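**Student:** Sharing a structure, written as structure tokens. Questions coming.
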Amino acid sequence: MHTQIAIIGTGFAGLGTAIHLQKRGLTDFVLLEEAASVGGTWRDNTYPGCACDVPSHLYSFSFELNPNWSRQFAPQDEIRAYIEHCAEKYGLMPRIEFNSRVEEARWDEDDQLWRLSIRGGRTLTASFVVFCLGGLREPRFPQIPGRDSFAGPTMHSTRWRHDVDLKGLRVGVIGTGASAIQVVPGIAERTGHLTLFQRTAAWVRPRQDAAISPRRQAFYRRFPLAMQLERARIYARYESRWPLFKRGEWVDRLMRRLMEKDIRRAVRDTQLADKLIPAYKPACKRVLLSDDFYPALQREDVDLEVSRIVEIVPDGAVLADGRKIELDAIVYCTGFEIEYGQVQIYGNGGVNLIDYWDRRPRAYLGLTVPGFPNSFTILGPNTALGHNSVIVMIEAGIRYTVAAIEYALDNDLADLDLREDALAAFVSEVDSKHRGLVWASGCDSWYLGEDGVNFTLWPGSTLAYIQRTRHFDPSMYRSTGAE
């Protein structure tokens with residue numbers, strides 16, 4: 001089977017790409033999805049308390065606003081339902097091949113097309129491939145001795161085990177990142193006792209979540225323009241924070257003072273508050289939002305442990321200070337492996353993308369890589385954000401990708417391959433800008449690779465990225481005509 005365009009993944013990026021292709025009259029495409037339903041990360045993450053940390057009206061497609069959000073920050077089930085709604089409304093379900101995990105994508109230089117190998121032995125060819133896999137998919141587990149010896153149930157936040165009843169159990173939660181601050185209040189009321197093991201404190205600010213009344217929802221349904229204005233207001237508010245990420249002592253001092261004040265106001269126990277105030281600069285790691293994390297930590301049946309776990313044993317965890325915490329179950333809230341190469345991708349000369357990248361994933365505008373013609377990665381390296389909605393970046397990347405495909409088709413080009421010097425200049429620019437931003441101020445975060453290079457975040461405003469991707473520039477690419 002041959003298709004003009006193969007889209008891999010059916011989260012926001014995959015469905016958004018398909019919708020934009022349809023709007024431009026490009027209908028010869030197929031979506032390949034390894035699971036049995038759409039949704040991406042919002043299908044896979046189902047842990048208690050799972051919700052978005054970006055306001056609902058901004059965490060949705062600009063062309064498909066949703067008047068029915070029940071809260072200012074949408075819970076997981078509503079976001080998944082919204083994604084399913086988009087797939088249904090735009091007629092994409094018949095175009096999706098479910099249970100189709102792409103294991104290999106190989107560029108055929110002779111036939112100038114991509115050959116996709118799908119689990120089970122099936123193959124598919126495509127003139128263009130759009131990878132919409134996301135970099136945050138595979139769970140990361142800490143390298144703690146004895147981890148596999150634990151006798152009770154264990155789970156990772158992104159692979160929640162709904163078959164395990166935590167009621168009355170002594171539960172250990174390892175990690176204090178974005179999922180932990182939702183999991184802890186999500187399960188604290190039902191566990192017998194909860195122990196949160198903190199390696200590094202996180203900066204947590206009030207989320208200020210609230211219900212959106214049925215009356216307000218009806219108002220948005222009747223006046224869609226009001227919803228667009230609300231989205232624009234939220235976007236401007238979040239975008240205005242971008243200058244705070246530039247390194248500067250007065251900014252650091254001001255942010256620390258304000259955020260530390262928030263913590264001490266929320267946590268009356270001085271000793272507990274001291275443990276929860278990070279030593280690193282605000283925003284060096286992602287600033288988290290929660291209204292119920294600190295109240296949960298102050299429950300009598302919840303403990304915060306800051307002594308390092310040196311070993312996991314069948315009935316608990318042994319700490320660096322010699323104590324053993326007895327546990328019945330363990331929940332790992334330890335984040336994801338940052339990877340953009342879940343599919344084995346081979347370009348010109350049979351070069352593997354992972355080998356080409358070595359330890360530094362890199363792509364021009366996070367989208368294209370030299371030697372891998374006619375392929376695009378939505379939300380690739382250096383396109384994640386620390387201050388605004390990633391949906392903005394996804395839509396900008398999609399517009400650029402669709403424009404590139406249109407250019408190739410309109411000019412009867414067999415391949416469109418990024419120039420090496422274009423990527424080198426882009427990477428140099430990105431790295432230079434990162435050195436002046438707060439996440440280069442010394443903390444260890446998932447933003448950084450092993451060598452300390454930030455290949456994850458976009459080092460600028462979303463407005464800057466939108467401007468850079470607004471027009472496709474063919475001078476950055478090599479191309480040949482179709483035979």
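Every chain in the structure tokens takes a letter, A first, then B, and so on in the order presented; its residues are numbered from 1, and the ligands are numbered from 1 following the presented order.
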Which neighbours of Gly248 (chain A) fall inside 10 Å, counting only C-alpha atoms, when residues of the same chain fewer than 5 positions from it are skipped, and could you give them as an MDAnalysis selection string?

**Tutor:** chainID A and resid 253 436:438

**Student:** So that I can check the secondary structure, give me every residue of region 116-304 of chain A assigned alpha helix (DSSP H) by backbone DSSP, as a PyMOL selection string.

**Tutor:** chain A and resi 180-187+214-222+224-239+249-266+270-276+293-297

**Student:** Next, write the just-selected residues to a file, as an mmCIF file, in the first residue's frame, keeping C-alpha atoms as the atom set.

**Tutor:**
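Generated output (selection33.cif):
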```cif
data_model
loop_
_atom_site.group_PDB
_atom_site.id
_atom_site.type_symbol
_atom_site.label_atom_id
_atom_site.label_comp_id
_atom_site.auth_asym_id
_atom_site.auth_seq_id
_atom_site.Cartn_x
_atom_site.Cartn_y
_atom_site.Cartn_z
ATOM 1 C CA ALA A 180 3.754 13.657 41.844
ATOM 2 C CA ILE A 181 2.096 16.920 42.847
ATOM 3 C CA GLN A 182 -1.112 15.564 41.291
ATOM 4 C CA VAL A 183 -0.795 11.948 42.431
ATOM 5 C CA VAL A 184 -0.143 12.742 46.110
ATOM 6 C CA PRO A 185 -3.383 14.693 46.687
ATOM 7 C CA GLY A 186 -5.144 12.297 44.308
ATOM 8 C CA ILE A 187 -4.492 9.236 46.502
ATOM 9 C CA PRO A 214 -22.811 25.862 33.211
ATOM 10 C CA ARG A 215 -23.961 29.439 32.679
ATOM 11 C CA ARG A 216 -20.480 30.466 31.508
ATOM 12 C CA GLN A 217 -20.298 27.422 29.236
ATOM 13 C CA ALA A 218 -23.651 28.351 27.691
ATOM 14 C CA PHE A 219 -22.373 31.902 27.188
ATOM 15 C CA TYR A 220 -19.348 30.579 25.283
ATOM 16 C CA ARG A 221 -21.555 28.360 23.133
ATOM 17 C CA ARG A 222 -23.724 31.317 22.213
ATOM 18 C CA PRO A 224 -17.798 31.987 20.313
ATOM 19 C CA LEU A 225 -15.992 35.301 19.924
ATOM 20 C CA ALA A 226 -15.971 35.679 23.716
ATOM 21 C CA MET A 227 -14.173 32.340 23.953
ATOM 22 C CA GLN A 228 -11.598 33.469 21.397
ATOM 23 C CA LEU A 229 -10.999 36.645 23.367
ATOM 24 C CA GLU A 230 -10.592 34.620 26.570
ATOM 25 C CA ARG A 231 -8.019 32.415 24.862
ATOM 26 C CA ALA A 232 -6.151 35.470 23.596
ATOM 27 C CA ARG A 233 -6.177 36.984 27.094
ATOM 28 C CA ILE A 234 -4.742 33.836 28.651
ATOM 29 C CA TYR A 235 -2.129 33.538 25.904
ATOM 30 C CA ALA A 236 -0.977 37.144 26.382
ATOM 31 C CA ARG A 237 -0.752 36.657 30.155
ATOM 32 C CA TYR A 238 1.417 33.581 29.836
ATOM 33 C CA GLU A 239 3.542 35.011 27.035
ATOM 34 C CA GLU A 249 20.009 38.715 39.633
ATOM 35 C CA TRP A 250 17.185 41.135 40.375
ATOM 36 C CA VAL A 251 14.670 38.924 38.567
ATOM 37 C CA ASP A 252 15.934 35.846 40.408
ATOM 38 C CA ARG A 253 15.702 37.574 43.782
ATOM 39 C CA LEU A 254 12.203 38.899 43.086
ATOM 40 C CA MET A 255 10.861 35.541 41.884
ATOM 41 C CA ARG A 256 12.427 33.685 44.811
ATOM 42 C CA ARG A 257 10.948 36.137 47.295
ATOM 43 C CA LEU A 258 7.450 35.845 45.824
ATOM 44 C CA MET A 259 7.497 32.076 45.425
ATOM 45 C CA GLU A 260 9.014 31.398 48.822
ATOM 46 C CA LYS A 261 6.314 33.596 50.315
ATOM 47 C CA ASP A 262 3.681 31.438 48.588
ATOM 48 C CA ILE A 263 5.178 28.294 50.133
ATOM 49 C CA ARG A 264 5.409 29.690 53.665
ATOM 50 C CA ARG A 265 1.854 30.976 53.400
ATOM 51 C CA ALA A 266 0.617 27.534 52.342
ATOM 52 C CA THR A 270 8.368 26.003 59.382
ATOM 53 C CA GLN A 271 10.479 22.850 59.271
ATOM 54 C CA LEU A 272 8.300 21.302 56.563
ATOM 55 C CA ALA A 273 8.332 24.548 54.566
ATOM 56 C CA ASP A 274 12.128 24.663 54.766
ATOM 57 C CA LYS A 275 12.291 21.203 53.166
ATOM 58 C CA LEU A 276 9.968 22.293 50.356
ATOM 59 C CA PHE A 293 -0.268 19.525 46.961
ATOM 60 C CA TYR A 294 0.802 21.458 50.077
ATOM 61 C CA PRO A 295 -2.479 20.768 51.931
ATOM 62 C CA ALA A 296 -1.990 17.057 51.209
ATOM 63 C CA LEU A 297 1.530 17.116 52.638
#
```

**Student:** Could you pull the residues within 8 Å of region 80-89 of chain A, counting only C-alpha atoms, minus those fewer than 4 positions along the same chain, as a list in words?

**Tutor:**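 Counting only C-alpha atoms, the residues come to Gly11, Phe12, Leu15, Val38, Gly39, Trp42, Arg43, Glu64, Asn66, Gln76 and Met93 of chain A.
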
**Student:** Pull C-alpha atoms from the residues just selected and write them as a PDB file, in the first residue's frame.

**Tutor:**
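Wrote part.pdb, looks like this:
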```pdb
ATOM      1  CA  GLY A  11      -2.317  12.891  19.789  1.00  0.00           C
ATOM      2  CA  PHE A  12      -2.666  16.637  19.342  1.00  0.00           C
ATOM      3  CA  LEU A  15      -4.632  14.886  14.476  1.00  0.00           C
ATOM      4  CA  VAL A  38      -6.553   8.242  19.849  1.00  0.00           C
ATOM      5  CA  GLY A  39      -5.311  10.573  22.557  1.00  0.00           C
ATOM      6  CA  TRP A  42      -3.885  12.008  27.463  1.00  0.00           C
ATOM      7  CA  ARG A  43      -4.879   8.432  26.673  1.00  0.00           C
ATOM      8  CA  GLU A  64     -11.542  24.219  17.547  1.00  0.00           C
ATOM      9  CA  ASN A  66     -14.273  24.052  23.384  1.00  0.00           C
ATOM     10  CA  GLN A  76      -7.393  14.193  31.853  1.00  0.00           C
ATOM     11  CA  MET A  93     -11.447   7.987  12.334  1.00  0.00           C
TER      12      MET A  93
END
```

**Student:** Write out as a PDB file with N, CA and C atoms, in the first residue's frame each polymer residue whose atoms come within 10 Å of region 24-26 of chain A, counting only C-alpha atoms; drop sequence neighbours fewer than 2 positions from it.

**Tutor:**
```pdb
ATOM      1  N   GLN A   4       0.437   9.120   0.002  1.00  0.00           N
ATOM      2  CA  GLN A   4       1.271  10.306  -0.213  1.00  0.00           C
ATOM      3  C   GLN A   4       1.921  10.764   1.088  1.00  0.00           C
ATOM      4  N   ILE A   5       1.134  10.763   2.179  1.00  0.00           N
ATOM      5  CA  ILE A   5       1.635  11.264   3.460  1.00  0.00           C
ATOM      6  C   ILE A   5       1.245  10.288   4.564  1.00  0.00           C
ATOM      7  N   ALA A  18      -3.261  16.186  10.378  1.00  0.00           N
ATOM      8  CA  ALA A  18      -4.267  15.658   9.452  1.00  0.00           C
ATOM      9  C   ALA A  18      -5.337  16.700   9.139  1.00  0.00           C
ATOM     10  N   ILE A  19      -5.782  17.409  10.143  1.00  0.00           N
ATOM     11  CA  ILE A  19      -6.816  18.427   9.940  1.00  0.00           C
ATOM     12  C   ILE A  19      -6.311  19.534   9.030  1.00  0.00           C
ATOM     13  N   HIS A  20      -5.088  19.993   9.241  1.00  0.00           N
ATOM     14  CA  HIS A  20      -4.527  21.046   8.397  1.00  0.00           C
ATOM     15  C   HIS A  20      -4.316  20.561   6.968  1.00  0.00           C
ATOM     16  N   LEU A  21      -3.904  19.318   6.790  1.00  0.00           N
ATOM     17  CA  LEU A  21      -3.758  18.773   5.439  1.00  0.00           C
ATOM     18  C   LEU A  21      -5.102  18.791   4.719  1.00  0.00           C
ATOM     19  N   GLN A  22      -6.145  18.362   5.419  1.00  0.00           N
ATOM     20  CA  GLN A  22      -7.479  18.365   4.809  1.00  0.00           C
ATOM     21  C   GLN A  22      -7.911  19.761   4.409  1.00  0.00           C
ATOM     22  N   ASP A  28      -4.658  12.640   0.557  1.00  0.00           N
ATOM     23  CA  ASP A  28      -4.045  11.321   0.398  1.00  0.00           C
ATOM     24  C   ASP A  28      -3.075  11.085   1.553  1.00  0.00           C
ATOM     25  N   PHE A  29      -3.637  10.745   2.704  1.00  0.00           N
ATOM     26  CA  PHE A  29      -2.808  10.495   3.877  1.00  0.00           C
ATOM     27  C   PHE A  29      -3.437   9.415   4.737  1.00  0.00           C
ATOM     28  N   VAL A 402       3.095  21.526   6.629  1.00  0.00           N
ATOM     29  CA  VAL A 402       2.140  21.459   5.520  1.00  0.00           C
ATOM     30  C   VAL A 402       2.588  22.370   4.383  1.00  0.00           C
ATOM     31  N   ALA A 403       3.125  23.540   4.708  1.00  0.00           N
ATOM     32  CA  ALA A 403       3.624  24.446   3.668  1.00  0.00           C
ATOM     33  C   ALA A 403       4.788  23.811   2.910  1.00  0.00           C
ATOM     34  N   ILE A 405       5.364  20.540   2.470  1.00  0.00           N
ATOM     35  CA  ILE A 405       4.818  19.481   1.620  1.00  0.00           C
ATOM     36  C   ILE A 405       4.146  20.080   0.390  1.00  0.00           C
ATOM     37  N   GLU A 406       3.381  21.137   0.590  1.00  0.00           N
ATOM     38  CA  GLU A 406       2.739  21.809  -0.543  1.00  0.00           C
ATOM     39  C   GLU A 406       3.772  22.314  -1.539  1.00  0.00           C
TER      40      GLU A 406
END
```
